[in-house]
file start-v9.cif (mmCIF, C-alpha atoms)
data_work
#
loop_
_atom_site.group_PDB
_atom_site.id
_atom_site.type_symbol
_atom_site.label_atom_id
_atom_site.label_comp_id
_atom_site.auth_asym_id
_atom_site.auth_seq_id
_atom_site.Cartn_x
_atom_site.Cartn_y
_atom_site.Cartn_z
ATOM 1 C CA ARG A 1 5.796 54.379 78.428
ATOM 2 C CA ALA A 2 9.575 54.286 78.316
ATOM 3 C CA GLY A 3 10.774 54.959 74.827
ATOM 4 C CA SER A 4 7.826 56.989 73.578
ATOM 5 C CA PHE A 5 8.652 59.685 71.047
ATOM 6 C CA LEU A 6 6.984 63.032 70.503
ATOM 7 C CA LEU A 7 7.747 64.872 67.280
ATOM 8 C CA GLN A 8 7.007 68.506 67.841
ATOM 9 C CA GLU A 9 6.955 70.879 64.866
ATOM 10 C CA THR A 10 8.615 74.070 66.088
ATOM 11 C CA THR A 11 9.161 75.923 62.788
ATOM 12 C CA PRO A 12 7.736 75.579 59.269
ATOM 13 C CA MET A 13 10.892 73.740 58.156
ATOM 14 C CA LYS A 14 12.058 71.815 61.200
ATOM 15 C CA ALA A 15 10.777 69.099 63.495
ATOM 16 C CA ARG A 16 12.391 68.289 66.808
ATOM 17 C CA ALA A 17 13.010 64.881 68.346
ATOM 18 C CA ILE A 18 11.716 64.665 71.911
ATOM 19 C CA VAL A 19 12.255 61.486 73.918
ATOM 20 C CA LEU A 20 9.996 60.692 76.864
ATOM 21 C CA LEU A 21 11.493 58.499 79.577
ATOM 22 C CA ASP A 22 9.071 57.166 82.183
ATOM 23 C CA LEU A 23 10.932 55.112 84.794
ATOM 24 C CA ASP A 24 8.756 52.113 85.561
ATOM 25 C CA TYR A 25 8.098 51.294 89.252
ATOM 26 C CA PHE A 26 10.704 53.927 90.072
ATOM 27 C CA TYR A 27 10.594 53.840 93.881
ATOM 28 C CA CYS A 28 10.859 50.080 93.762
ATOM 29 C CA GLN A 29 13.828 50.156 91.372
ATOM 30 C CA VAL A 30 15.604 52.599 93.658
ATOM 31 C CA GLU A 31 15.059 50.376 96.697
ATOM 32 C CA MET A 32 16.130 47.240 94.864
ATOM 33 C CA LEU A 33 19.376 48.930 93.857
ATOM 34 C CA ARG A 34 19.935 50.399 97.333
ATOM 35 C CA ASN A 35 19.354 47.042 99.017
ATOM 36 C CA GLY A 36 21.048 44.842 96.450
ATOM 37 C CA LEU A 37 17.898 42.818 95.765
ATOM 38 C CA PRO A 38 17.798 40.463 92.765
ATOM 39 C CA ALA A 39 15.444 41.198 89.894
ATOM 40 C CA GLU A 40 13.377 38.081 90.561
ATOM 41 C CA ARG A 41 12.601 39.008 94.182
ATOM 42 C CA PRO A 42 9.041 40.346 94.690
ATOM 43 C CA VAL A 43 9.355 43.842 96.177
ATOM 44 C CA ALA A 44 6.834 46.522 97.101
ATOM 45 C CA VAL A 45 7.327 50.046 98.439
ATOM 46 C CA THR A 46 4.746 51.107 100.995
ATOM 47 C CA GLN A 47 3.456 54.290 102.568
ATOM 48 C CA LYS A 48 1.390 53.862 105.716
ATOM 49 C CA PHE A 49 -0.568 50.642 105.115
ATOM 50 C CA LEU A 50 -0.729 50.780 101.309
ATOM 51 C CA VAL A 51 1.451 49.566 98.453
ATOM 52 C CA VAL A 52 2.489 52.594 96.373
ATOM 53 C CA THR A 53 4.445 50.620 93.768
ATOM 54 C CA CYS A 54 5.739 47.119 93.194
ATOM 55 C CA ASN A 55 7.903 45.273 90.692
ATOM 56 C CA TYR A 56 6.781 42.746 88.101
ATOM 57 C CA PRO A 57 7.482 39.603 90.171
ATOM 58 C CA ALA A 58 5.130 41.029 92.812
ATOM 59 C CA ARG A 59 2.540 41.994 90.197
ATOM 60 C CA SER A 60 2.600 38.482 88.754
ATOM 61 C CA SER A 61 1.466 37.238 92.186
ATOM 62 C CA GLY A 62 -1.478 39.637 92.240
ATOM 63 C CA VAL A 63 0.034 42.546 94.153
ATOM 64 C CA ALA A 64 -1.177 45.935 92.911
ATOM 65 C CA LYS A 65 -0.801 49.641 93.589
ATOM 66 C CA LEU A 66 -2.944 51.008 96.447
ATOM 67 C CA MET A 67 -3.488 47.499 97.826
ATOM 68 C CA ARG A 68 -3.394 47.071 101.600
ATOM 69 C CA THR A 69 -0.105 45.581 102.743
ATOM 70 C CA THR A 70 -1.888 42.764 104.577
ATOM 71 C CA GLU A 71 -3.606 41.685 101.371
ATOM 72 C CA ALA A 72 -0.385 42.049 99.388
ATOM 73 C CA VAL A 73 1.499 39.721 101.746
ATOM 74 C CA ALA A 74 -1.404 37.271 101.706
ATOM 75 C CA ARG A 75 -1.190 37.111 97.913
ATOM 76 C CA CYS A 76 2.620 37.001 97.824
ATOM 77 C CA PRO A 77 4.151 35.540 101.018
ATOM 78 C CA ASP A 78 7.707 36.161 99.754
ATOM 79 C CA LEU A 79 7.002 39.858 99.208
ATOM 80 C CA ARG A 80 9.657 42.210 100.586
ATOM 81 C CA LEU A 81 7.976 45.341 101.949
ATOM 82 C CA ILE A 82 10.083 48.516 102.124
ATOM 83 C CA ALA A 83 8.799 51.687 103.778
ATOM 84 C CA GLY A 84 8.832 54.608 101.361
ATOM 85 C CA GLU A 85 7.583 57.517 103.463
ATOM 86 C CA ASP A 86 10.973 59.252 103.237
ATOM 87 C CA LEU A 87 11.220 60.536 99.666
ATOM 88 C CA THR A 88 14.858 61.624 99.978
ATOM 89 C CA PRO A 89 16.358 58.567 98.205
ATOM 90 C CA TYR A 90 13.915 58.941 95.329
ATOM 91 C CA ARG A 91 14.591 62.651 94.934
ATOM 92 C CA GLU A 92 18.328 61.984 94.938
ATOM 93 C CA ALA A 93 17.990 59.200 92.373
ATOM 94 C CA SER A 94 15.798 61.437 90.203
ATOM 95 C CA ASP A 95 18.437 64.179 90.352
ATOM 96 C CA GLU A 96 21.133 61.693 89.327
ATOM 97 C CA ALA A 97 19.025 60.441 86.443
ATOM 98 C CA MET A 98 18.389 64.000 85.276
ATOM 99 C CA GLN A 99 22.109 64.814 85.363
ATOM 100 C CA ALA A 100 22.890 61.699 83.304
ATOM 101 C CA LEU A 101 20.212 62.544 80.749
ATOM 102 C CA ARG A 102 21.532 66.096 80.259
ATOM 103 C CA ALA A 103 24.351 64.594 78.206
ATOM 104 C CA PHE A 104 21.781 64.136 75.417
ATOM 105 C CA GLY A 105 20.208 67.610 75.442
ATOM 106 C CA PRO A 106 17.892 69.896 77.444
ATOM 107 C CA VAL A 107 15.813 67.987 79.990
ATOM 108 C CA GLN A 108 12.427 68.824 81.456
ATOM 109 C CA ARG A 109 11.400 66.850 84.531
ATOM 110 C CA VAL A 110 7.670 66.156 84.716
ATOM 111 C CA GLY A 111 7.855 64.192 87.984
ATOM 112 C CA LEU A 112 10.456 62.259 89.942
ATOM 113 C CA ASP A 113 10.270 59.432 87.423
ATOM 114 C CA GLU A 114 9.416 61.126 84.127
ATOM 115 C CA PHE A 115 11.545 63.259 81.822
ATOM 116 C CA PHE A 116 11.318 64.902 78.405
ATOM 117 C CA ILE A 117 14.685 65.175 76.610
ATOM 118 C CA ASP A 118 15.190 67.288 73.484
ATOM 119 C CA VAL A 119 17.682 65.059 71.665
ATOM 120 C CA THR A 120 17.479 66.812 68.300
ATOM 121 C CA ALA A 121 21.130 67.914 68.161
ATOM 122 C CA VAL A 122 22.678 64.583 69.142
ATOM 123 C CA ALA A 123 20.219 62.722 66.923
ATOM 124 C CA GLU A 124 21.012 64.858 63.891
ATOM 125 C CA ALA A 125 24.729 64.402 64.502
ATOM 126 C CA ARG A 126 24.271 60.650 64.718
ATOM 127 C CA ALA A 127 22.089 60.563 61.616
ATOM 128 C CA SER A 128 24.594 62.693 59.660
ATOM 129 C CA ALA A 129 27.326 60.228 60.565
ATOM 130 C CA GLY A 130 25.255 57.410 59.119
ATOM 131 C CA ALA A 131 25.015 55.676 62.501
ATOM 132 C CA TRP A 132 22.129 53.374 61.653
ATOM 133 C CA ALA A 133 21.757 49.765 62.691
ATOM 134 C CA PRO A 134 21.579 47.285 59.771
ATOM 135 C CA GLY A 135 18.011 46.713 58.647
ATOM 136 C CA THR A 136 16.609 49.825 60.341
ATOM 137 C CA HIS A 137 13.308 51.009 58.907
ATOM 138 C CA VAL A 138 11.665 54.329 59.751
ATOM 139 C CA HIS A 139 7.989 55.280 59.508
ATOM 140 C CA THR A 140 7.136 58.012 57.031
ATOM 141 C CA ALA A 141 4.504 60.635 57.589
ATOM 142 C CA ALA A 142 2.411 59.053 54.834
ATOM 143 C CA LYS A 143 2.215 55.830 56.838
ATOM 144 C CA LEU A 144 1.426 57.593 60.078
ATOM 145 C CA SER A 145 -1.171 59.997 58.711
ATOM 146 C CA PRO A 146 -2.270 60.422 55.082
ATOM 147 C CA ALA A 147 -3.201 64.014 55.902
ATOM 148 C CA ARG A 148 0.484 64.739 56.482
ATOM 149 C CA ALA A 149 1.663 63.146 53.235
ATOM 150 C CA PRO A 150 2.828 66.485 51.725
ATOM 151 C CA ARG A 151 5.198 66.837 54.690
ATOM 152 C CA THR A 152 6.724 63.393 54.304
ATOM 153 C CA ALA A 153 10.317 64.538 53.895
ATOM 154 C CA ARG A 154 10.240 66.816 56.933
ATOM 155 C CA TRP A 155 8.519 64.317 59.250
ATOM 156 C CA THR A 156 10.608 61.400 58.055
ATOM 157 C CA CYS A 157 13.684 63.407 59.036
ATOM 158 C CA GLY A 158 12.254 64.024 62.483
ATOM 159 C CA GLN A 159 11.347 60.383 62.970
ATOM 160 C CA ARG A 160 14.789 59.265 61.824
ATOM 161 C CA ALA A 161 16.260 61.655 64.367
ATOM 162 C CA ALA A 162 14.079 60.211 67.121
ATOM 163 C CA ALA A 163 15.099 56.658 66.321
ATOM 164 C CA ALA A 164 18.777 57.598 66.112
ATOM 165 C CA ALA A 165 18.549 59.483 69.394
ATOM 166 C CA ALA A 166 16.988 56.533 71.165
ATOM 167 C CA ALA A 167 19.808 54.313 69.959
ATOM 168 C CA THR A 168 22.312 56.889 71.171
ATOM 169 C CA VAL A 169 20.705 57.059 74.611
ATOM 170 C CA ALA A 170 20.788 53.286 74.884
ATOM 171 C CA ALA A 171 24.381 52.975 73.701
ATOM 172 C CA VAL A 172 25.816 55.697 75.926
ATOM 173 C CA ALA A 173 23.832 54.828 79.044
ATOM 174 C CA ALA A 174 24.718 51.159 78.716
ATOM 175 C CA THR A 175 28.432 52.008 78.904
ATOM 176 C CA LYS A 176 28.111 53.931 82.146
ATOM 177 C CA ALA A 177 29.133 52.094 85.304
ATOM 178 C CA ALA A 178 26.214 51.612 87.669
ATOM 179 C CA ALA A 179 28.011 53.552 90.387
ATOM 180 C CA THR A 180 24.932 55.501 91.366
ATOM 181 C CA VAL A 181 21.264 54.686 91.576
ATOM 182 C CA GLY A 182 20.334 57.312 89.013
ATOM 183 C CA VAL A 183 22.774 56.113 86.354
ATOM 184 C CA ALA A 184 21.728 52.503 86.920
ATOM 185 C CA VAL A 185 18.081 53.409 86.506
ATOM 186 C CA VAL A 186 18.799 55.373 83.317
ATOM 187 C CA ALA A 187 20.779 52.435 81.912
ATOM 188 C CA ALA A 188 17.909 50.068 82.640
ATOM 189 C CA VAL A 189 15.391 52.351 80.981
ATOM 190 C CA ALA A 190 17.684 52.917 78.007
ATOM 191 C CA ALA A 191 17.446 49.193 77.315
ATOM 192 C CA ALA A 192 13.663 49.593 77.162
ATOM 193 C CA VAL A 193 14.100 52.532 74.767
ATOM 194 C CA ALA A 194 16.233 50.397 72.472
ATOM 195 C CA ALA A 195 13.627 47.627 72.572
ATOM 196 C CA ALA A 196 10.884 50.115 71.685
ATOM 197 C CA VAL A 197 12.852 51.369 68.685
ATOM 198 C CA ALA A 198 13.500 47.798 67.529
ATOM 199 C CA ALA A 199 9.793 47.003 67.809
ATOM 200 C CA ALA A 200 8.852 50.122 65.844
ATOM 201 C CA ALA A 201 11.372 49.239 63.142
ATOM 202 C CA ALA A 202 10.020 45.702 62.916
ATOM 203 C CA ALA A 203 6.454 46.983 62.633
ATOM 204 C CA ALA A 204 7.461 49.318 59.818
ATOM 205 C CA ALA A 205 9.227 46.601 57.870
#

call {"tool": "encode", "arguments": {"input": "start-v9.cif", "output": "structure tokens"}}
result
Amino acid sequence: RAGSFLLQETTPMKARAIVLLDLDYFYCQVEMLRNGLPAERPVAVTQKFLVVTCNYPARSSGVAKLMRTTEAVARCPDLRLIAGEDLTPYREASDEAMQALRAFGPVQRVGLDEFFIDVTAVAEARASAGAWAPGTHVHTAAKLSPARAPRTARWTCGQRAAAAAAATVAAVAATKAAATVGVAVVAAVAAAVAAAVAAAAAAAA
């Protein structure tokens, strides 16, 4: 769900741009960064005798959440199992991610791996500066919902802000050195945000 956008109407004349970041296989990403594991290595984080999360190389071999570790290893002999009973590293990484995201606006943490960021101010500043990628297209309210057609100008503004904000998140996070787990995770997810915006723009074209 990384890169989803929620446009929330807060006043009769203003919409806000809210970005939702959901860090995919978060525990696993943290452990891969902590242990210096390559992206192609199948990895699963376990609690007791169950897989609680795994990365995509593991999933491609048939490993799944809540699978017994014995079955997971049988399906993927190269699987690296990492015990995840101690949540301290994940809490610390979540805190680091939250601190990095605060550069873009107020942040609400829903869980260790999920955040809502109100990026209205930075998005409006970016939009006012004309910081749009060549060929960018933005959905209008009329396309999204005919019932909202009379509000096209207001909702188009909000959607433009959301797209601009996502680009800002991606650009800024990508320039940060991956000195900490949290910043590295945010940078990785920002790339997904940028991809989501590009896909939305292509669909609107």

call {"tool": "resolve_selection", "arguments": {"input": "start-v9.cif", "expression": "the PyMOL selection byres ((chain A and resi 26) around 10)", "output": "PDB file with C-alpha atoms, in the frame of the given file"}}
result
ATOM      1  CA  ASP A  22       9.071  57.166  82.183  1.00  0.00           C
ATOM      2  CA  LEU A  23      10.932  55.112  84.794  1.00  0.00           C
ATOM      3  CA  ASP A  24       8.756  52.113  85.561  1.00  0.00           C
ATOM      4  CA  TYR A  25       8.098  51.294  89.252  1.00  0.00           C
ATOM      5  CA  TYR A  27      10.594  53.840  93.881  1.00  0.00           C
ATOM      6  CA  CYS A  28      10.859  50.080  93.762  1.00  0.00           C
ATOM      7  CA  GLN A  29      13.828  50.156  91.372  1.00  0.00           C
ATOM      8  CA  VAL A  30      15.604  52.599  93.658  1.00  0.00           C
ATOM      9  CA  GLU A  31      15.059  50.376  96.697  1.00  0.00           C
ATOM     10  CA  MET A  32      16.130  47.240  94.864  1.00  0.00           C
ATOM     11  CA  VAL A  45       7.327  50.046  98.439  1.00  0.00           C
ATOM     12  CA  THR A  53       4.445  50.620  93.768  1.00  0.00           C
ATOM     13  CA  CYS A  54       5.739  47.119  93.194  1.00  0.00           C
ATOM     14  CA  ASN A  55       7.903  45.273  90.692  1.00  0.00           C
ATOM     15  CA  TYR A  90      13.915  58.941  95.329  1.00  0.00           C
ATOM     16  CA  ALA A  93      17.990  59.200  92.373  1.00  0.00           C
ATOM     17  CA  SER A  94      15.798  61.437  90.203  1.00  0.00           C
ATOM     18  CA  LEU A 112      10.456  62.259  89.942  1.00  0.00           C
ATOM     19  CA  ASP A 113      10.270  59.432  87.423  1.00  0.00           C
ATOM     20  CA  GLU A 114       9.416  61.126  84.127  1.00  0.00           C
ATOM     21  CA  VAL A 185      18.081  53.409  86.506  1.00  0.00           C
TER      22      VAL A 185
END

call {"tool": "atom_distance", "arguments": {"input": "start-v9.cif", "atom1": "atom CA of A:Ala39", "atom2": "atom CA of A:Ala83"}}
result
18.6 Å

call {"tool": "residues_near_point", "arguments": {"input": "start-v9.cif", "point": "(19.5, 65.4, 71.2)", "cutoff": "9 Å", "atoms": "only C-alpha atoms", "output": "PyMOL selection string"}}
result
chain A and resi 16-19+103-106+117-125+161-162+165+168

call {"tool": "resolve_selection", "arguments": {"input": "start-v9.cif", "expression": "the PyMOL selection byres ((chain A and resi 59-76) around 10)", "output": "NGL selection string"}}
result
:A and (42-58 or 77-81)

call {"tool": "atom_distance", "arguments": {"input": "start-v9.cif", "atom1": "atom CA of A:Glu85", "atom2": "atom CA of A:Ala100"}}
result
25.7 Å

call {"tool": "atom_distance", "arguments": {"input": "start-v9.cif", "atom1": "atom CA of A:Asp86", "atom2": "atom CA of A:Phe115"}}
result
21.8 Å
